[in-house]
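Everything below belongs to upload.cif, which stores mmCIF, C-alpha atoms.
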data_coords
loop_
_atom_site.group_PDB
_atom_site.id
_atom_site.type_symbol
_atom_site.label_atom_id
_atom_site.label_comp_id
_atom_site.auth_asym_id
_atom_site.auth_seq_id
_atom_site.Cartn_x
_atom_site.Cartn_y
_atom_site.Cartn_z
ATOM 1 C CA MET A 1 -19.993 30.708 2.358
ATOM 2 C CA ALA A 2 -22.349 29.198 -0.199
ATOM 3 C CA LYS A 3 -21.503 25.691 -1.267
ATOM 4 C CA PRO A 4 -20.293 25.567 -4.886
ATOM 5 C CA PRO A 5 -22.087 23.321 -7.362
ATOM 6 C CA ALA A 6 -21.011 19.699 -7.392
ATOM 7 C CA PRO A 7 -18.603 18.690 -10.144
ATOM 8 C CA LYS A 8 -20.292 17.283 -13.226
ATOM 9 C CA SER A 9 -17.893 14.406 -13.704
ATOM 10 C CA ALA A 10 -15.109 12.490 -11.986
ATOM 11 C CA GLN A 11 -12.597 14.589 -13.935
ATOM 12 C CA ASP A 12 -13.847 17.760 -12.211
ATOM 13 C CA GLY A 13 -13.056 16.574 -8.719
ATOM 14 C CA GLU A 14 -12.324 13.700 -6.358
ATOM 15 C CA ARG A 15 -14.223 12.246 -3.440
ATOM 16 C CA ILE A 16 -13.313 13.946 -0.197
ATOM 17 C CA ALA A 17 -11.952 10.801 1.497
ATOM 18 C CA LYS A 18 -9.642 10.164 -1.451
ATOM 19 C CA VAL A 19 -8.366 13.745 -1.349
ATOM 20 C CA LEU A 20 -7.584 13.392 2.360
ATOM 21 C CA ALA A 21 -5.840 10.074 1.747
ATOM 22 C CA HIS A 22 -3.729 11.508 -1.069
ATOM 23 C CA ALA A 23 -2.774 14.461 1.111
ATOM 24 C CA GLY A 24 -1.420 12.032 3.702
ATOM 25 C CA VAL A 25 -3.994 12.976 6.336
ATOM 26 C CA ALA A 26 -5.157 9.381 6.845
ATOM 27 C CA SER A 27 -6.086 6.242 4.966
ATOM 28 C CA ARG A 28 -9.345 6.460 3.024
ATOM 29 C CA ARG A 29 -11.172 4.376 5.633
ATOM 30 C CA GLU A 30 -9.838 6.490 8.505
ATOM 31 C CA ALA A 31 -10.728 9.645 6.567
ATOM 32 C CA GLU A 32 -14.322 8.452 6.289
ATOM 33 C CA ARG A 33 -14.425 7.970 10.064
ATOM 34 C CA MET A 34 -13.022 11.468 10.556
ATOM 35 C CA ILE A 35 -15.820 12.817 8.378
ATOM 36 C CA GLU A 36 -18.451 10.917 10.353
ATOM 37 C CA ASP A 37 -16.991 12.399 13.547
ATOM 38 C CA GLY A 38 -17.456 15.922 12.160
ATOM 39 C CA ARG A 39 -13.760 16.755 11.959
ATOM 40 C CA VAL A 40 -13.719 17.677 8.255
ATOM 41 C CA SER A 41 -15.160 20.822 6.680
ATOM 42 C CA LEU A 42 -15.642 21.865 3.069
ATOM 43 C CA ASN A 43 -15.907 25.587 2.358
ATOM 44 C CA GLY A 44 -16.742 26.303 5.997
ATOM 45 C CA LYS A 45 -19.430 23.624 6.304
ATOM 46 C CA ILE A 46 -18.893 20.541 8.486
ATOM 47 C CA LEU A 47 -19.314 17.359 6.461
ATOM 48 C CA ARG A 48 -21.333 14.407 7.725
ATOM 49 C CA THR A 49 -20.958 12.091 4.738
ATOM 50 C CA PRO A 50 -17.998 11.085 2.545
ATOM 51 C CA ALA A 51 -20.267 11.145 -0.531
ATOM 52 C CA VAL A 52 -18.937 14.569 -1.531
ATOM 53 C CA LYS A 53 -16.501 15.624 -4.240
ATOM 54 C CA VAL A 54 -13.902 18.342 -3.957
ATOM 55 C CA GLY A 55 -13.725 20.758 -6.850
ATOM 56 C CA PRO A 56 -11.284 23.496 -7.909
ATOM 57 C CA GLY A 57 -10.955 26.273 -5.330
ATOM 58 C CA ASP A 58 -12.632 24.299 -2.527
ATOM 59 C CA ASP A 59 -11.359 24.880 1.003
ATOM 60 C CA VAL A 60 -10.864 21.570 2.829
ATOM 61 C CA ARG A 61 -9.985 21.602 6.512
ATOM 62 C CA VAL A 62 -9.405 18.984 9.197
ATOM 63 C CA ASP A 63 -9.943 20.105 12.786
ATOM 64 C CA GLY A 64 -10.080 23.660 11.455
ATOM 65 C CA LYS A 65 -6.703 23.494 9.723
ATOM 66 C CA PRO A 66 -6.335 23.500 5.902
ATOM 67 C CA ILE A 67 -4.867 20.353 4.427
ATOM 68 C CA ALA A 68 -1.582 20.570 2.601
ATOM 69 C CA GLU A 69 -1.142 20.175 -1.109
ATOM 70 C CA ARG A 70 -0.591 16.648 -2.230
ATOM 71 C CA PRO A 71 3.091 15.612 -2.074
ATOM 72 C CA PRO A 72 4.749 12.975 -4.275
ATOM 73 C CA THR A 73 4.165 9.395 -3.119
ATOM 74 C CA ARG A 74 6.885 8.115 -0.809
ATOM 75 C CA LEU A 75 7.504 4.797 0.935
ATOM 76 C CA TRP A 76 9.751 3.800 3.835
ATOM 77 C CA ARG A 77 10.928 0.536 5.373
ATOM 78 C CA HIS A 78 10.869 0.503 9.161
ATOM 79 C CA HIS A 79 12.156 -2.203 11.504
ATOM 80 C CA LYS A 80 9.553 -2.229 14.261
ATOM 81 C CA PRO A 81 10.777 -3.440 17.657
ATOM 82 C CA ASP A 82 8.418 -5.356 19.915
ATOM 83 C CA GLY A 83 6.708 -3.395 22.689
ATOM 84 C CA LEU A 84 5.340 -0.643 20.416
ATOM 85 C CA VAL A 85 1.788 -0.326 19.107
ATOM 86 C CA THR A 86 1.102 0.515 15.465
ATOM 87 C CA THR A 87 -1.249 3.431 15.962
ATOM 88 C CA HIS A 88 -0.983 7.220 16.074
ATOM 89 C CA ALA A 89 -2.627 7.495 19.492
ATOM 90 C CA ASP A 90 -3.073 4.706 22.021
ATOM 91 C CA PRO A 91 -5.924 5.025 24.566
ATOM 92 C CA GLN A 92 -3.835 3.088 27.105
ATOM 93 C CA GLY A 93 -0.933 5.502 26.777
ATOM 94 C CA ARG A 94 1.507 2.940 25.398
ATOM 95 C CA GLU A 95 4.414 4.075 23.230
ATOM 96 C CA THR A 96 3.641 4.011 19.516
ATOM 97 C CA VAL A 97 5.695 3.311 16.422
ATOM 98 C CA PHE A 98 5.090 6.828 15.125
ATOM 99 C CA GLN A 99 6.523 8.504 18.225
ATOM 100 C CA SER A 100 9.907 6.943 17.491
ATOM 101 C CA LEU A 101 10.111 7.908 13.800
ATOM 102 C CA PRO A 102 12.469 10.623 12.510
ATOM 103 C CA LYS A 103 10.660 13.980 12.539
ATOM 104 C CA GLU A 104 11.857 14.919 9.058
ATOM 105 C CA ILE A 105 9.715 12.293 7.295
ATOM 106 C CA GLY A 106 6.528 14.085 8.360
ATOM 107 C CA ARG A 107 3.186 12.431 8.926
ATOM 108 C CA VAL A 108 2.968 8.886 7.589
ATOM 109 C CA ILE A 109 0.636 5.930 7.968
ATOM 110 C CA SER A 110 1.422 2.235 8.094
ATOM 111 C CA ILE A 111 0.557 -0.302 5.432
ATOM 112 C CA GLY A 112 -1.022 -2.967 7.587
ATOM 113 C CA ARG A 113 -0.042 -3.377 11.215
ATOM 114 C CA LEU A 114 2.136 -5.386 13.548
ATOM 115 C CA ASP A 115 0.749 -6.018 17.021
ATOM 116 C CA LEU A 116 2.428 -5.084 20.300
ATOM 117 C CA THR A 117 4.696 -8.125 20.608
ATOM 118 C CA SER A 118 5.434 -8.557 16.898
ATOM 119 C CA GLU A 119 8.491 -7.082 15.219
ATOM 120 C CA GLY A 120 10.092 -6.713 11.834
ATOM 121 C CA LEU A 121 9.265 -4.996 8.553
ATOM 122 C CA LEU A 122 6.631 -2.271 8.627
ATOM 123 C CA LEU A 123 6.014 -0.254 5.461
ATOM 124 C CA LEU A 124 5.186 3.423 5.945
ATOM 125 C CA THR A 125 3.827 5.872 3.375
ATOM 126 C CA ASN A 126 2.545 9.420 3.038
ATOM 127 C CA ASP A 127 -0.078 8.238 0.505
ATOM 128 C CA GLY A 128 -3.247 6.809 2.051
ATOM 129 C CA GLU A 129 -4.490 5.556 -1.313
ATOM 130 C CA LEU A 130 -1.323 3.521 -1.811
ATOM 131 C CA ALA A 131 -1.750 2.052 1.680
ATOM 132 C CA ARG A 132 -5.288 0.960 0.794
ATOM 133 C CA VAL A 133 -4.154 -0.695 -2.443
ATOM 134 C CA LEU A 134 -1.265 -2.611 -0.870
ATOM 135 C CA GLU A 135 -3.396 -3.886 2.013
ATOM 136 C CA LEU A 136 -5.942 -5.540 -0.288
ATOM 137 C CA PRO A 137 -5.632 -9.356 -0.567
ATOM 138 C CA SER A 138 -6.444 -8.994 -4.270
ATOM 139 C CA THR A 139 -3.090 -7.242 -4.705
ATOM 140 C CA GLY A 140 -1.545 -10.676 -4.301
ATOM 141 C CA TRP A 141 1.501 -9.600 -2.298
ATOM 142 C CA THR A 142 2.820 -12.171 0.155
ATOM 143 C CA ARG A 143 3.614 -11.165 3.716
ATOM 144 C CA ARG A 144 6.393 -13.432 4.988
ATOM 145 C CA TYR A 145 7.206 -14.122 8.636
ATOM 146 C CA ARG A 146 9.882 -15.865 10.678
ATOM 147 C CA VAL A 147 8.083 -17.580 13.552
ATOM 148 C CA ARG A 148 9.185 -19.337 16.708
ATOM 149 C CA ALA A 149 6.429 -21.352 18.355
ATOM 150 C CA TYR A 150 6.104 -23.727 21.275
ATOM 151 C CA GLY A 151 5.029 -27.181 20.190
ATOM 152 C CA ASP A 152 5.267 -29.290 17.070
ATOM 153 C CA ILE A 153 3.375 -29.263 13.790
ATOM 154 C CA THR A 154 2.414 -32.262 11.663
ATOM 155 C CA GLU A 155 2.372 -32.600 7.893
ATOM 156 C CA ASP A 156 -1.408 -32.955 8.064
ATOM 157 C CA ALA A 157 -1.634 -29.595 9.847
ATOM 158 C CA ILE A 158 0.605 -27.973 7.223
ATOM 159 C CA GLU A 159 -1.629 -29.300 4.440
ATOM 160 C CA LYS A 160 -4.685 -28.065 6.310
ATOM 161 C CA LEU A 161 -3.264 -24.546 6.506
ATOM 162 C CA LYS A 162 -2.256 -24.689 2.849
ATOM 163 C CA LYS A 163 -5.911 -25.183 1.865
ATOM 164 C CA GLY A 164 -7.216 -22.465 4.181
ATOM 165 C CA ILE A 165 -8.714 -22.753 7.623
ATOM 166 C CA THR A 166 -11.646 -21.373 9.621
ATOM 167 C CA VAL A 167 -10.978 -20.301 13.219
ATOM 168 C CA GLU A 168 -13.760 -19.053 15.493
ATOM 169 C CA GLY A 169 -15.979 -18.347 12.516
ATOM 170 C CA VAL A 170 -13.304 -16.415 10.595
ATOM 171 C CA LYS A 171 -12.178 -17.931 7.302
ATOM 172 C CA TYR A 172 -8.487 -17.567 6.443
ATOM 173 C CA GLY A 173 -7.071 -18.085 2.966
ATOM 174 C CA PRO A 174 -4.234 -20.441 2.010
ATOM 175 C CA ILE A 175 -1.173 -20.142 4.236
ATOM 176 C CA GLU A 176 2.301 -21.424 3.379
ATOM 177 C CA VAL A 177 4.183 -23.039 6.264
ATOM 178 C CA VAL A 178 7.728 -24.401 6.072
ATOM 179 C CA VAL A 179 9.439 -26.035 9.066
ATOM 180 C CA ASP A 180 12.979 -24.664 9.290
ATOM 181 C CA ARG A 181 14.236 -26.430 12.404
ATOM 182 C CA ARG A 182 13.259 -27.685 15.825
ATOM 183 C CA THR A 183 15.115 -26.567 18.974
ATOM 184 C CA GLY A 184 14.018 -28.212 22.203
ATOM 185 C CA SER A 185 10.317 -27.536 22.705
ATOM 186 C CA ASN A 186 10.192 -24.839 20.028
ATOM 187 C CA THR A 187 9.723 -25.029 16.270
ATOM 188 C CA TRP A 188 11.040 -22.405 13.860
ATOM 189 C CA LEU A 189 8.816 -21.768 10.856
ATOM 190 C CA THR A 190 8.641 -19.595 7.770
ATOM 191 C CA VAL A 191 5.044 -18.506 7.171
ATOM 192 C CA GLY A 192 3.647 -16.774 4.093
ATOM 193 C CA LEU A 193 0.146 -15.335 3.662
ATOM 194 C CA LYS A 194 -1.647 -12.792 1.470
ATOM 195 C CA GLU A 195 -4.480 -11.503 3.682
ATOM 196 C CA GLY A 196 -2.901 -10.147 6.853
ATOM 197 C CA LYS A 197 -6.013 -10.255 9.049
ATOM 198 C CA ASN A 198 -5.796 -9.242 12.704
ATOM 199 C CA ARG A 199 -3.320 -11.524 14.522
ATOM 200 C CA GLU A 200 -3.693 -14.043 11.708
ATOM 201 C CA VAL A 201 -0.423 -15.929 12.179
ATOM 202 C CA ARG A 202 -0.946 -16.410 15.901
ATOM 203 C CA LYS A 203 -4.563 -17.522 15.522
ATOM 204 C CA VAL A 204 -4.084 -20.052 12.726
ATOM 205 C CA LEU A 205 -1.014 -21.616 14.343
ATOM 206 C CA SER A 206 -2.842 -21.810 17.664
ATOM 207 C CA ALA A 207 -5.620 -23.692 15.878
ATOM 208 C CA VAL A 208 -3.134 -26.449 14.941
ATOM 209 C CA GLY A 209 -1.564 -26.676 18.411
ATOM 210 C CA LEU A 210 1.269 -24.129 18.329
ATOM 211 C CA THR A 211 1.820 -21.164 20.654
ATOM 212 C CA VAL A 212 3.742 -18.341 18.984
ATOM 213 C CA ASN A 213 6.378 -16.772 21.232
ATOM 214 C CA ARG A 214 8.231 -14.726 18.617
ATOM 215 C CA LEU A 215 6.981 -13.220 15.361
ATOM 216 C CA LEU A 216 9.204 -11.327 12.924
ATOM 217 C CA ARG A 217 7.960 -10.062 9.557
ATOM 218 C CA THR A 218 10.744 -10.369 7.007
ATOM 219 C CA ALA A 219 9.003 -9.292 3.787
ATOM 220 C CA TYR A 220 5.947 -7.492 2.449
ATOM 221 C CA GLY A 221 5.614 -8.255 -1.234
ATOM 222 C CA PRO A 222 8.898 -7.357 -2.988
ATOM 223 C CA PHE A 223 10.170 -5.288 -0.063
ATOM 224 C CA GLN A 224 12.501 -7.059 2.361
ATOM 225 C CA LEU A 225 13.572 -6.338 5.936
ATOM 226 C CA GLY A 226 17.106 -7.332 5.035
ATOM 227 C CA ALA A 227 19.815 -5.987 7.335
ATOM 228 C CA LEU A 228 17.836 -2.936 8.466
ATOM 229 C CA GLU A 229 18.614 -2.431 12.150
ATOM 230 C CA LYS A 230 15.882 -2.584 14.762
ATOM 231 C CA GLY A 231 14.175 0.785 15.199
ATOM 232 C CA LYS A 232 15.683 2.218 12.003
ATOM 233 C CA THR A 233 13.778 3.750 9.082
ATOM 234 C CA GLU A 234 14.969 3.889 5.475
ATOM 235 C CA GLU A 235 13.248 5.458 2.465
ATOM 236 C CA ILE A 236 12.850 3.400 -0.686
ATOM 237 C CA ARG A 237 14.264 5.206 -3.710
ATOM 238 C CA ARG A 238 11.712 6.564 -6.157
ATOM 239 C CA SER A 239 13.146 4.549 -9.041
ATOM 240 C CA VAL A 240 12.814 1.331 -7.032
ATOM 241 C CA LEU A 241 9.330 2.297 -5.881
ATOM 242 C CA ARG A 242 8.150 2.922 -9.447
ATOM 243 C CA GLU A 243 9.658 -0.355 -10.628
ATOM 244 C CA GLN A 244 8.137 -2.470 -7.852
ATOM 245 C CA LEU A 245 4.690 -0.881 -7.948
ATOM 246 C CA GLY A 246 4.592 -1.162 -11.735
ATOM 247 C CA LYS A 247 1.071 -1.392 -13.128
ATOM 248 C CA LEU A 248 -0.391 -1.944 -9.669
ATOM 249 C CA TYR A 249 -0.009 1.729 -8.726
ATOM 250 C CA PRO A 250 1.840 3.475 -11.573
ATOM 251 C CA LEU A 251 3.732 6.643 -10.740
ATOM 252 C CA ASP A 252 5.049 9.290 -13.091
ATOM 253 C CA GLY A 253 8.643 10.472 -13.102
ATOM 254 C CA ASP A 254 8.011 12.938 -10.262
ATOM 255 C CA GLY A 255 6.408 10.339 -8.022
ATOM 256 C CA TYR A 256 2.744 11.287 -8.523
ATOM 257 C CA PRO A 257 0.127 8.567 -9.205
ATOM 258 C CA MET A 258 -1.261 8.539 -12.709
ATOM 259 C CA LYS A 259 -4.959 9.106 -13.291
ATOM 260 C CA GLU A 260 -7.301 6.144 -13.686
ATOM 261 C CA GLY A 261 -7.663 6.513 -17.462
ATOM 262 C CA ALA A 262 -3.921 6.630 -17.979
ATOM 263 C CA ARG A 263 -3.454 3.740 -15.555
ATOM 264 C CA GLU A 264 -5.914 1.520 -17.418
ATOM 265 C CA ALA A 265 -4.353 2.363 -20.777
ATOM 266 C CA ASP A 266 -0.907 1.643 -19.378
ATOM 267 C CA MET A 267 -2.058 -1.796 -18.196
ATOM 268 C CA THR A 268 -3.295 -2.736 -21.674
ATOM 269 C CA GLY A 269 0.089 -2.098 -23.170
ATOM 270 C CA LYS A 270 -1.389 0.307 -25.711
ATOM 271 C CA ALA A 271 -0.008 3.726 -26.465
ATOM 272 C CA VAL A 272 -0.784 6.311 -23.826
ATOM 273 C CA SER A 273 -0.590 9.974 -24.772
ATOM 274 C CA LYS A 274 0.240 12.416 -22.037
ATOM 275 C CA PRO A 275 -1.031 10.586 -18.923
ATOM 276 C CA GLU A 276 -1.822 13.060 -16.170
ATOM 277 C CA ARG A 277 -1.075 12.894 -12.507
ATOM 278 C CA SER A 278 -3.894 12.036 -10.185
ATOM 279 C CA ARG A 279 -3.748 15.137 -8.022
ATOM 280 C CA PRO A 280 -6.560 16.766 -6.106
ATOM 281 C CA PRO A 281 -7.958 20.039 -7.454
ATOM 282 C CA ALA A 282 -6.227 23.224 -6.410
ATOM 283 C CA LEU A 283 -7.512 24.161 -2.983
ATOM 284 C CA ALA A 284 -8.462 27.634 -1.862
ATOM 285 C CA GLY A 285 -5.458 29.586 -0.666
ATOM 286 C CA LYS A 286 -3.048 27.013 -2.071
ATOM 287 C CA GLY A 287 -2.454 28.542 -5.497
ATOM 288 C CA PRO A 288 -2.983 26.886 -8.874
ATOM 289 C CA ALA A 289 -2.346 23.196 -9.273
ATOM 290 C CA ARG A 290 1.001 22.289 -10.757
ATOM 291 C CA PRO A 291 0.621 21.590 -14.505
ATOM 292 C CA SER A 292 0.841 17.971 -15.577
ATOM 293 C CA PRO A 293 3.694 17.364 -17.978
ATOM 294 C CA GLY A 294 3.475 14.927 -20.844
ATOM 295 C CA ALA A 295 4.860 11.437 -20.511
ATOM 296 C CA PRO A 296 6.447 9.135 -23.051
ATOM 297 C CA ARG A 297 4.052 7.119 -25.098
ATOM 298 C CA GLY A 298 3.693 3.481 -24.148
ATOM 299 C CA LYS A 299 4.802 0.715 -26.492
ATOM 300 C CA PRO A 300 2.120 -0.388 -28.943
ATOM 301 C CA GLY A 301 0.931 -3.934 -28.383
ATOM 302 C CA PRO A 302 2.018 -6.571 -30.853
ATOM 303 C CA GLY A 303 -0.369 -7.170 -33.730
ATOM 304 C CA LYS A 304 -0.809 -9.343 -36.802
ATOM 305 C CA ARG A 305 -1.780 -8.629 -40.349
ATOM 306 C CA PRO A 306 -5.322 -9.660 -41.282
ATOM 307 C CA ASP A 307 -4.003 -12.563 -43.361
ATOM 308 C CA ASN A 308 -1.739 -13.606 -40.439
ATOM 309 C CA LYS A 309 1.242 -13.447 -42.731
ATOM 310 C CA ALA A 310 4.366 -11.541 -41.867
ATOM 311 C CA ARG A 311 5.010 -8.556 -44.090
ATOM 312 C CA LYS A 312 8.049 -8.953 -46.275
ATOM 313 C CA PRO A 313 10.205 -5.867 -46.680
ATOM 314 C CA ASP A 314 10.343 -4.258 -50.077
ATOM 315 C CA ALA A 315 13.526 -4.750 -51.952
ATOM 316 C CA HIS A 316 14.629 -1.141 -51.616
ATOM 317 C CA HIS A 317 14.031 -1.289 -47.818
ATOM 318 C CA ARG A 318 16.109 -4.384 -47.231
ATOM 319 C CA ARG A 319 19.260 -3.912 -45.234
ATOM 320 C CA LYS A 320 22.545 -5.024 -46.614
ATOM 321 C CA PRO A 321 24.111 -7.885 -44.661
#

Can I see the file as structure tokens?
Amino acid sequence: MAKPPAPKSAQDGERIAKVLAHAGVASRREAERMIEDGRVSLNGKILRTPAVKVGPGDDVRVDGKPIAERPPTRLWRHHKPDGLVTTHADPQGRETVFQSLPKEIGRVISIGRLDLTSEGLLLLTNDGELARVLELPSTGWTRRYRVRAYGDITEDAIEKLKKGITVEGVKYGPIEVVVDRRTGSNTWLTVGLKEGKNREVRKVLSAVGLTVNRLLRTAYGPFQLGALEKGKTEEIRRSVLREQLGKLYPLDGDGYPMKEGAREADMTGKAVSKPERSRPPALAGKGPARPSPGAPRGKPGPGKRPDNKARKPDAHHRRKP
């Protein structure tokens, strides 16, 4: 099949990796790797680069199977037990987090990871783009951990971590450490960080003389582990999700991300007329894309008169006391 002409603007289509991420196939980074491995085709032609946009009517397939239409964005809290790896397929054959999830939630990806011996809160989503946004340090969300470690920590070490530390050539940002209590040879700590690099907590605490023997994540940004039982999964209500994501990743009333233009206008506080959902183009064989309904206009930003004087109401407009 002949390849259709490339879209003329960003409004005519989306980059292939973003489409795959929105469809819940994988995160954008993983989608790019899938493309490099030759697993993704567009209109019958295997892609070798992610620098391609998907337009209306295009047929996108992964491993020969058409991708599904984009679903509304969803998010789950999961209490990961230790002994499971956070990956969809482990080369060593170890049990994964995703093998233990309820089948009815479908395919999801994790926002960040917890290593084999770590436990606690793991956020799961069907939206790869959301996962990418929430993993970025620039998002500013704090990951909070309850840590038990062998050894003791000094105030000087705490101040050192607070300013950031470099371990084996890797620079880590500021890390909050609070000593909760000491029991025998162990010290219980509350640790907060915003980057979430690979095994970050273990490495930075090791650099100041502590050996972590238990690591439990209790919060990821505004989402808390709370009383969620080990191994259990619970979906976050759409209303709560919209409220907590706010301007960071605005969703419409049906749970679909808003387009970039509408998102930027929403952040300015200016009126936004009919923001549209950021959905991929209708794919071949999938039927027409669902129409985007209008949305309430945003509140106009506060302004002042040119002479910086408040306008006084006319006499016939004044309200009676």

_Give me, as a VMD selection string, all polymer residues having an atom no more than 7 Å from His78 of chain A, counting only C-alpha atoms and skipping those fewer than 3 positions away in the same chain._
chain A and resid 121 to 123 231 to 234

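Shortest atom-to-atom contact with Gly151 of chain A among A:Pro56, A:Gly169, A:Gly196, A:Gly209: A:Gly209, counting all atoms listed in the file.
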
- Task: Go ahead and find all residues with at least one atom no further than 7 Å from (-9.0, -15.9, 4.5) in the file's coordinates, using all atoms listed in the file; report them as a ChimeraX atom specification.
- Result: /A:164,171-173,195

Using all atoms listed in the file - which residues lie no farther than 9 Å from the point (-0.6, -15.3, 5.6) in the file's frame? Write them as a ChimeraX atom specification. /A:142-145,172-176,191-197,200-201

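Restricting the calculation to all atoms listed in the file, the smallest distance between Leu215 of chain A and any of A:Pro137, A:Gly128, A:Gly38, A:Gly120 is found for A:Gly120.
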
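Among the candidates A:Val133, A:Leu116, A:Ile165, A:Leu245, the one nearest to Arg199 of chain A when counting only C-alpha atoms is A:Leu116.
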
Residues within 12 Å of segment 88-90 of chain A, please, as a PyMOL selection string. Count all atoms listed in the file; anything in the same chain fewer than 6 positions from it doesn't count.
chain A and resi 25-26+30+96-101+107-110+113+116

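With distances taken over all atoms listed in the file, A:Ile105 is the one residue among A:Ile105, A:Asn186, A:Glu129, A:Lys162 lying closest to Arg77 of chain A.
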
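Using the PyMOL selection byres ((chain A and resi 74) around 8) on the file at hand returns these residues: Pro72, Thr73, Leu75, Trp76, Thr125, Asn126, Asp127, Glu235, Ile236, Arg238 and Gly255 of chain A.
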
Atom pair atom CA of Val19 of chain A + atom CA of Val54 of chain A, distance 7.7 Å

message = To test your reading of the syntax: which residues would the PyMOL selection byres ((chain A and resi 23) around 7) return for the file shown? Reply as an MDAnalysis selection string.
response = chainID A and resid 19:22 24:25 68:71 127

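With all atoms listed in the file as the atoms that count, the minimum distance from Trp141 of chain A to the choices A:Leu251, A:Ala219, A:Ala17, A:Val240 is reached by A:Ala219.
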